[in-house]
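A.B. asks: Pasting a structure below so you can have a look.
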Amino acid sequence: MSVTPLRGTAAPAEAAARRDAPARLEIRDLSVVYASRQGNVKALDRLSLSVGDGEFVAVLGPSGCGKSTLLKIVSGLLRPSGGQVVLGGRPVVGPRPDVGIVFQQPTLLPWKTVLDNVLVPIRALRRPVAEYQDKAMDLLRLTGLERFAGHYPNELSGGMQQRVAVARGLIHDPALLLMDEPFAALDAMTRERMTAELQAIWMKTGKSVVFITHSIPEAVFLADRVVVLSERPGRLLETIEIDLPRPRRAQTLGEPRFAALCNRLRAFFSVDGHAQ
Amino acid sequence: MAETLKTYGLPVVTFVVVIALWEASLDWFGIPAYLLPRPGAVLSAMQQAYFGGTIWIHVWATLQAMLGGFVLGCSFALLAGGLVAEFRTVERLVYPYVIALQSMPKVALAPLLIVWLGFGIASKVVLVALICFFPMFVNVVVGLRSANPDLVDLYRACSASRWHLFVNVKLPSAASAIFAGLQVALVLALLGAVVGEFVASQRGLGNLIQASSLNFDVATMFASIFTLAIIGVTASSLVRFAHRRIVFWDGSGRRTATTTTTAETA
Ligand SMILES: Nc1ncnc2c1ncn2[C@@H]1O[C@H](COP(=O)(O)OP(=O)(O)OP(=O)(O)O)[C@@H](O)[C@H]1O
Ligand SMILES: [Mg+2]
């Protein structure tokens with residue numbers, strides 16, 4: 001894991017600065033109720049959360065607590081039942097070009113080359129494709145895929161496909177990147193490598209990131225701040241600052257501080273210490 | 001090399017054995033030639049039909065009915081399927097009727113169509129189109145709905161227009177199912193054309209088979225049936241070829257997303 005630190009090496013203070021930066025994303029009293037045949041399902045309950053400019057926030061929560069729902073609301077795909085979402089100073093009322101999304105599965109178009117897959121948002125946003133060719137190649141270089149630009153997704157491994165999805169999420173230069181368990185489908189080794197690569201990409205691009213995950217070590221390794229949600233309906237249980245210096249490396253995983261943070265988070269999900 | 005020989009050699013073995021059994025069983029069981037002609041007689045009937053030129057007018061008529069109806073029926077199915085899959089209102093308006101009509105045997109309409117449209121080609125084209133429509137329609141709807149919801153979300157999150165989403169995601173996602181539908185429709189198209197010709201016609205292979213039946217000309221009947229088999233196999237291979245070429249990302253060109261069977265839709 002050799003990473004070029006562009007933001008300086010050890011700086012919990014910088015993390016604090018990112019947290020206190022003017023909020024990129026502000027979620028206030030967000031509630032979501034799904035109407036289903038079995039009656040109403042409350043997915044999120046008065047959730048408030050803010051993400052600073054350039055801040056990396058990980059969201060941890062049990063399955064079904066409304067994490068993906070949160071993502072759909074922020075990306076403007078779903079209307080909340082209550083509360084407000086403000087992105088870049090403007091309320092979210094529909095899909096917006098300042099948001100990028102990466103899903104659990106790569107969800108690439110198998111009939112398009114890697115390069116064309118990266119350019120999908122550009123075409124959908126009706127921006128001139130020619131102006132983004134170089135940017136797309138830059139992103140493929142950043143994700144280590146420049147030699148595969150002309151390949152089709154089924155010629156790539158799962159990890160490579162997910163890297164294409166990350167490049168695609170960044171192509172239109174969104175201020176906020178939403179990631180819904182992006183590495184959950186990968187094997188443990190690939191997953192660890194991708195986590196380190198994501199840190200490098202984030203440090204180079206300086207995006208705000210909301211990163212949804214089930215993995216406590218992954219959240220601690222990546223995030224400036226970890227947000228813990230309760231069981232459904234998702235409420236905010238706790239916010240934990242991760243003051244580990246960056247860039248975090250393989251050794252970081254073995255440090256006592258890292259283990260202590262993981263344990264603190266694990267307490268929320270253990271059978272006995274079930275916080276409600 | 002040995003594999004190639006097996007792939008192409010073994011079917012030939014089957015062919016030779018079947019012909020030999022055919023020839024031999026005539027002698028063993030003493031079957032008269034007016035019930036089952038000798039392979040040689042069928043061959044010479046085919047030769048005569050092809051090189052004497054008598055069969056071509058019938059082949060042409062059947063092809064016209066089959067392909068005309070196929071194109072007509074499948075085009076309508078594509079259009080209607082697209083509208084039903086995209087617009088809830090259209091779905092509510094037509095879907096119950098389409099499903100009800102699907103379970104009706106369309107060949108039962110043949111006599112009615114003859115009354116309305118006459119003995120000519122028009123009645124056959126319409127019958128074939130009706131028969132082709134349903135399996136194709138179902139596959140188009142199922143295919144268009146099989147698009148990955150995350151991909152749809154991704155495009156929607158980028159404010160993609162409905163048309164952009166349809167062309168770039170939904171239609172390619174449906175491609176395999178559409179080709180499977182075409183495959184089924186094609187087989188049914190040939191069937192529909194022949195049934196239409198049986199009911200009332202001036203020419204066509206169905207007509208030829210019926211006329212030869214009245215004359216106890218079993219050799220010509222066999223020649224017509226083989227010709228139909230050749231048409232069916234050739235058309236199917238062409239569609240499979242197009243499937244592999246066009247839907248190149250779908251590994252084997254296998255059938256997906258559909259359970260429509262040939263028999264029940266006829
Ligand atoms: N379209 C819907 N209609 C009705 N209920 C829904 C719908 N989508 C989600 N839900 C319900 O809302 C709750 C939250 O769903 P969501 O997908 O946001 O959970 P999640 O936290 O992402 O879960 P996971 O970690 O398993 O991905 C779930 O209990 C789910 O059953
Ligand atoms: Mg989820």
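Residues are referred to by chain and number: the chain letter is A, B, ... according to the order shown in the structure tokens, the number counts from 1 in that chain, and ligands are numbered separately from 1 in the order shown.
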For Val85 (chain A), work out the shell of residues within 8 Å, counting only C-alpha atoms and skipping chain neighbours fewer than 5 positions away, then give it as a ChimeraX atom specification.

C.D. replies: /A:25-28,30,73-74,91-92

A.B. asks: Would you mind exporting N, CA, C and O atoms of the selected residues as a PDB file, in the first residue's frame?

C.D. replies:
ATOM      1  N   LEU A  25     -23.090  18.485   2.877  1.00  0.00           N
ATOM      2  CA  LEU A  25     -24.397  17.823   2.937  1.00  0.00           C
ATOM      3  C   LEU A  25     -24.980  17.992   4.328  1.00  0.00           C
ATOM      4  O   LEU A  25     -24.292  17.777   5.322  1.00  0.00           O
ATOM      5  N   GLU A  26     -26.220  18.431   4.384  1.00  0.00           N
ATOM      6  CA  GLU A  26     -26.897  18.573   5.677  1.00  0.00           C
ATOM      7  C   GLU A  26     -28.211  17.826   5.642  1.00  0.00           C
ATOM      8  O   GLU A  26     -29.072  18.109   4.809  1.00  0.00           O
ATOM      9  N   ILE A  27     -28.352  16.867   6.536  1.00  0.00           N
ATOM     10  CA  ILE A  27     -29.597  16.109   6.625  1.00  0.00           C
ATOM     11  C   ILE A  27     -30.252  16.483   7.935  1.00  0.00           C
ATOM     12  O   ILE A  27     -29.635  16.371   8.995  1.00  0.00           O
ATOM     13  N   ARG A  28     -31.488  16.989   7.855  1.00  0.00           N
ATOM     14  CA  ARG A  28     -32.160  17.442   9.067  1.00  0.00           C
ATOM     15  C   ARG A  28     -33.475  16.700   9.263  1.00  0.00           C
ATOM     16  O   ARG A  28     -34.352  16.748   8.407  1.00  0.00           O
ATOM     17  N   LEU A  30     -34.598  13.765   9.047  1.00  0.00           N
ATOM     18  CA  LEU A  30     -35.086  12.996   7.898  1.00  0.00           C
ATOM     19  C   LEU A  30     -35.887  11.768   8.339  1.00  0.00           C
ATOM     20  O   LEU A  30     -35.404  10.946   9.117  1.00  0.00           O
ATOM     21  N   ILE A  73     -32.407   8.972  -0.980  1.00  0.00           N
ATOM     22  CA  ILE A  73     -32.936  10.298  -0.661  1.00  0.00           C
ATOM     23  C   ILE A  73     -31.912  11.359  -1.048  1.00  0.00           C
ATOM     24  O   ILE A  73     -32.227  12.346  -1.715  1.00  0.00           O
ATOM     25  N   VAL A  74     -30.658  11.133  -0.630  1.00  0.00           N
ATOM     26  CA  VAL A  74     -29.631  12.142  -0.877  1.00  0.00           C
ATOM     27  C   VAL A  74     -29.406  12.324  -2.378  1.00  0.00           C
ATOM     28  O   VAL A  74     -29.166  13.430  -2.860  1.00  0.00           O
ATOM     29  N   PRO A  91     -31.533  22.892  -1.262  1.00  0.00           N
ATOM     30  CA  PRO A  91     -32.325  21.705  -0.905  1.00  0.00           C
ATOM     31  C   PRO A  91     -32.396  20.718  -2.062  1.00  0.00           C
ATOM     32  O   PRO A  91     -32.474  21.138  -3.218  1.00  0.00           O
ATOM     33  N   VAL A  92     -32.357  19.448  -1.736  1.00  0.00           N
ATOM     34  CA  VAL A  92     -32.459  18.409  -2.770  1.00  0.00           C
ATOM     35  C   VAL A  92     -33.927  18.166  -3.087  1.00  0.00           C
ATOM     36  O   VAL A  92     -34.699  17.785  -2.215  1.00  0.00           O
TER      37      VAL A  92
END

A.B. asks: Find the residues near Ala17 (chain A): any atom within 12 Å, counting only C-alpha atoms, skip ones fewer than 5 places away on the same chain, and give them as number ranges by chain.

C.D. replies: A: 11-12, 22-23, 51-56, 224, 243

A.B. asks: I need the residues of region 110-253 of chain A that end up classed as strand (DSSP E) by DSSP on the backbone, written out as a VMD selection string.

C.D. replies: chain A and resid 176 to 180 208 to 213 225 to 229 236 to 241

A.B. asks: Just the selected residues (N, CA, C and O atoms), exported as a compact mmCIF listing (two decimals), in the first residue's frame, please.

C.D. replies:
# COMPACT_ATOMS: atom_id res chain seq x y z
N LEU A 176 -20.02 15.34 -4.11
CA LEU A 176 -20.33 14.31 -3.11
C LEU A 176 -20.40 12.94 -3.79
O LEU A 176 -21.08 12.78 -4.79
N LEU A 177 -19.66 11.99 -3.22
CA LEU A 177 -19.70 10.62 -3.76
C LEU A 177 -20.43 9.73 -2.76
O LEU A 177 -20.04 9.65 -1.59
N LEU A 178 -21.49 9.06 -3.23
CA LEU A 178 -22.25 8.16 -2.37
C LEU A 178 -21.86 6.73 -2.72
O LEU A 178 -21.90 6.34 -3.88
N MET A 179 -21.48 5.95 -1.71
CA MET A 179 -21.07 4.58 -1.97
C MET A 179 -21.87 3.63 -1.09
O MET A 179 -21.84 3.73 0.13
N ASP A 180 -22.60 2.71 -1.73
CA ASP A 180 -23.47 1.78 -0.99
C ASP A 180 -22.81 0.40 -0.94
O ASP A 180 -22.94 -0.39 -1.86
N SER A 208 -16.23 14.93 -0.93
CA SER A 208 -16.96 14.46 0.24
C SER A 208 -17.48 13.07 -0.10
O SER A 208 -17.92 12.83 -1.21
N VAL A 209 -17.39 12.16 0.88
CA VAL A 209 -17.84 10.79 0.63
C VAL A 209 -18.77 10.33 1.74
O VAL A 209 -18.50 10.55 2.92
N VAL A 210 -19.88 9.74 1.35
CA VAL A 210 -20.71 9.00 2.29
C VAL A 210 -20.58 7.54 1.91
O VAL A 210 -20.94 7.14 0.80
N PHE A 211 -20.03 6.76 2.83
CA PHE A 211 -19.64 5.39 2.53
C PHE A 211 -20.43 4.44 3.43
O PHE A 211 -20.23 4.42 4.64
N ILE A 212 -21.32 3.68 2.83
CA ILE A 212 -22.13 2.74 3.60
C ILE A 212 -21.45 1.39 3.63
O ILE A 212 -20.94 0.91 2.61
N THR A 213 -21.40 0.80 4.82
CA THR A 213 -20.73 -0.49 4.92
C THR A 213 -21.27 -1.29 6.09
O THR A 213 -21.91 -0.76 7.00
N ARG A 225 -15.08 10.06 10.16
CA ARG A 225 -16.13 9.98 11.16
C ARG A 225 -17.01 8.79 10.81
O ARG A 225 -17.33 8.59 9.64
N VAL A 226 -17.37 8.01 11.85
CA VAL A 226 -18.26 6.87 11.61
C VAL A 226 -19.59 7.15 12.29
O VAL A 226 -19.64 7.53 13.46
N VAL A 227 -20.66 6.99 11.53
CA VAL A 227 -22.00 7.23 12.04
C VAL A 227 -22.68 5.88 12.23
O VAL A 227 -22.68 5.06 11.33
N VAL A 228 -23.23 5.64 13.42
CA VAL A 228 -23.87 4.36 13.70
C VAL A 228 -25.38 4.54 13.72
O VAL A 228 -25.90 5.42 14.43
N LEU A 229 -26.06 3.74 12.94
CA LEU A 229 -27.53 3.80 12.92
C LEU A 229 -28.11 2.64 13.71
O LEU A 229 -27.51 1.57 13.82
N LEU A 236 -30.08 7.90 14.53
CA LEU A 236 -28.66 8.10 14.79
C LEU A 236 -28.35 7.64 16.20
O LEU A 236 -28.93 8.13 17.18
N LEU A 237 -27.44 6.66 16.35
CA LEU A 237 -27.08 6.17 17.67
C LEU A 237 -25.86 6.87 18.21
O LEU A 237 -25.79 7.25 19.36
N GLU A 238 -24.89 7.04 17.33
CA GLU A 238 -23.60 7.55 17.81
C GLU A 238 -22.76 8.03 16.63
O GLU A 238 -22.89 7.52 15.52
N THR A 239 -21.93 9.02 16.89
CA THR A 239 -20.97 9.46 15.89
C THR A 239 -19.59 9.35 16.51
O THR A 239 -19.39 9.83 17.64
N ILE A 240 -18.68 8.69 15.85
CA ILE A 240 -17.35 8.50 16.43
C ILE A 240 -16.29 9.08 15.51
O ILE A 240 -16.24 8.77 14.31
N GLU A 241 -15.47 9.98 16.05
CA GLU A 241 -14.38 10.56 15.28
C GLU A 241 -13.25 9.53 15.17
O GLU A 241 -12.89 8.90 16.16

A.B. asks: Taking only C-alpha atoms into account, name the residue in A:Gly158, A:Pro174, A:Gly64, A:Pro128 that is nearest to chain B.

C.D. replies: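 Counting only C-alpha atoms, the residue closest to chain B is A:Pro174.
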
A.B. asks: Can you work out which residues from chain B touch chain A at a cut-off of 10 Å (counting only C-alpha atoms) and hand them back as a tab-separated table (two decimals) with N, CA, C and O atoms, in the first residue's frame?

C.D. replies:
chain	number	residue	atom	x	y	z
B	148	ASN	N	-31.50	-4.02	-14.89
B	148	ASN	CA	-30.99	-3.89	-13.52
B	148	ASN	C	-31.49	-2.58	-12.87
B	148	ASN	O	-31.21	-1.50	-13.37
B	149	PRO	N	-32.23	-2.69	-11.75
B	149	PRO	CA	-32.79	-1.47	-11.13
B	149	PRO	C	-31.71	-0.48	-10.69
B	149	PRO	O	-31.96	0.73	-10.70
B	150	ASP	N	-30.53	-0.97	-10.32
B	150	ASP	CA	-29.46	-0.05	-9.94
B	150	ASP	C	-29.03	0.79	-11.15
B	150	ASP	O	-28.76	1.99	-11.03
B	151	LEU	N	-28.95	0.15	-12.31
B	151	LEU	CA	-28.59	0.88	-13.53
B	151	LEU	C	-29.64	1.94	-13.84
B	151	LEU	O	-29.31	3.07	-14.20
B	152	VAL	N	-30.90	1.55	-13.68
B	152	VAL	CA	-31.98	2.51	-13.93
B	152	VAL	C	-31.83	3.68	-12.96
B	152	VAL	O	-31.94	4.85	-13.36
B	153	ASP	N	-31.54	3.39	-11.68
B	153	ASP	CA	-31.32	4.44	-10.69
B	153	ASP	C	-30.16	5.33	-11.09
B	153	ASP	O	-30.22	6.55	-10.96
B	154	LEU	N	-29.08	4.70	-11.54
B	154	LEU	CA	-27.90	5.48	-11.93
B	154	LEU	C	-28.26	6.48	-13.03
B	154	LEU	O	-27.89	7.65	-12.96
B	155	TYR	N	-28.98	6.01	-14.03
B	155	TYR	CA	-29.37	6.90	-15.13
B	155	TYR	C	-30.33	7.98	-14.64
B	155	TYR	O	-30.22	9.13	-15.03
B	156	ARG	N	-31.26	7.58	-13.78
B	156	ARG	CA	-32.20	8.58	-13.26
B	156	ARG	C	-31.47	9.61	-12.42
B	156	ARG	O	-31.79	10.80	-12.48
B	157	ALA	N	-30.49	9.15	-11.64
B	157	ALA	CA	-29.73	10.08	-10.81
B	157	ALA	C	-28.97	11.09	-11.67
B	157	ALA	O	-28.61	12.17	-11.21
B	158	CYS	N	-28.69	10.73	-12.92
B	158	CYS	CA	-28.03	11.65	-13.85
B	158	CYS	C	-29.05	12.40	-14.69
B	158	CYS	O	-28.72	12.94	-15.75
B	159	SER	N	-30.30	12.41	-14.26
B	159	SER	CA	-31.36	13.13	-14.97
B	159	SER	C	-31.49	12.70	-16.42
B	159	SER	O	-31.81	13.51	-17.29
B	160	ALA	N	-31.21	11.43	-16.71
B	160	ALA	CA	-31.33	10.96	-18.09
B	160	ALA	C	-32.79	11.02	-18.53
B	160	ALA	O	-33.69	10.78	-17.74
B	161	SER	N	-33.00	11.36	-19.80
B	161	SER	CA	-34.37	11.37	-20.32
B	161	SER	C	-34.88	9.93	-20.40
B	161	SER	O	-34.10	8.98	-20.46
B	164	HIS	N	-33.55	8.21	-23.46
B	164	HIS	CA	-32.13	7.87	-23.30
B	164	HIS	C	-31.98	6.59	-22.48
B	164	HIS	O	-31.22	5.69	-22.83
B	165	LEU	N	-32.74	6.51	-21.40
B	165	LEU	CA	-32.72	5.32	-20.54
B	165	LEU	C	-33.22	4.09	-21.30
B	165	LEU	O	-32.64	3.01	-21.23
B	168	ASN	N	-30.54	3.13	-24.05
B	168	ASN	CA	-29.22	2.74	-23.56
B	168	ASN	C	-29.23	1.61	-22.55
B	168	ASN	O	-28.23	0.92	-22.41
B	169	VAL	N	-30.32	1.45	-21.83
B	169	VAL	CA	-30.35	0.42	-20.79
B	169	VAL	C	-31.42	-0.63	-21.05
B	169	VAL	O	-31.12	-1.82	-21.14
B	172	PRO	N	-31.19	-2.75	-24.67
B	172	PRO	CA	-30.12	-3.75	-24.67
B	172	PRO	C	-30.32	-4.83	-23.61
B	172	PRO	O	-29.98	-5.99	-23.85
B	173	SER	N	-30.88	-4.47	-22.45
B	173	SER	CA	-31.14	-5.49	-21.42
B	173	SER	C	-32.14	-6.52	-21.93
B	173	SER	O	-32.12	-7.67	-21.52
B	246	ILE	N	-25.32	-9.88	-32.56
B	246	ILE	CA	-25.82	-8.61	-32.04
B	246	ILE	C	-25.71	-8.56	-30.52
B	246	ILE	O	-25.26	-7.58	-29.95
B	247	VAL	N	-26.10	-9.64	-29.84
B	247	VAL	CA	-26.04	-9.67	-28.38
B	247	VAL	C	-24.73	-10.32	-27.97
B	247	VAL	O	-24.71	-11.33	-27.27
B	248	PHE	N	-23.62	-9.74	-28.41
B	248	PHE	CA	-22.30	-10.38	-28.27
B	248	PHE	C	-21.90	-10.56	-26.81
B	248	PHE	O	-21.11	-11.41	-26.48
B	249	TRP	N	-22.47	-9.73	-25.91
B	249	TRP	CA	-22.06	-9.80	-24.50
B	249	TRP	C	-22.75	-10.94	-23.77
B	249	TRP	O	-22.39	-11.28	-22.67
B	250	ASP	N	-23.75	-11.54	-24.40
B	250	ASP	CA	-24.52	-12.59	-23.74
B	250	ASP	C	-23.89	-13.93	-24.06
B	250	ASP	O	-24.39	-14.69	-24.86
B	251	GLY	N	-22.78	-14.20	-23.42
B	251	GLY	CA	-21.93	-15.37	-23.60
B	251	GLY	C	-22.30	-16.34	-24.70
B	251	GLY	O	-21.73	-16.34	-25.78

A.B. asks: Please write out the residues within 8 Å of ligand 2 as a ChimeraX atom specification, counting only C-alpha atoms and all ligand atoms.

C.D. replies: /A:63-64,66-69,180-181
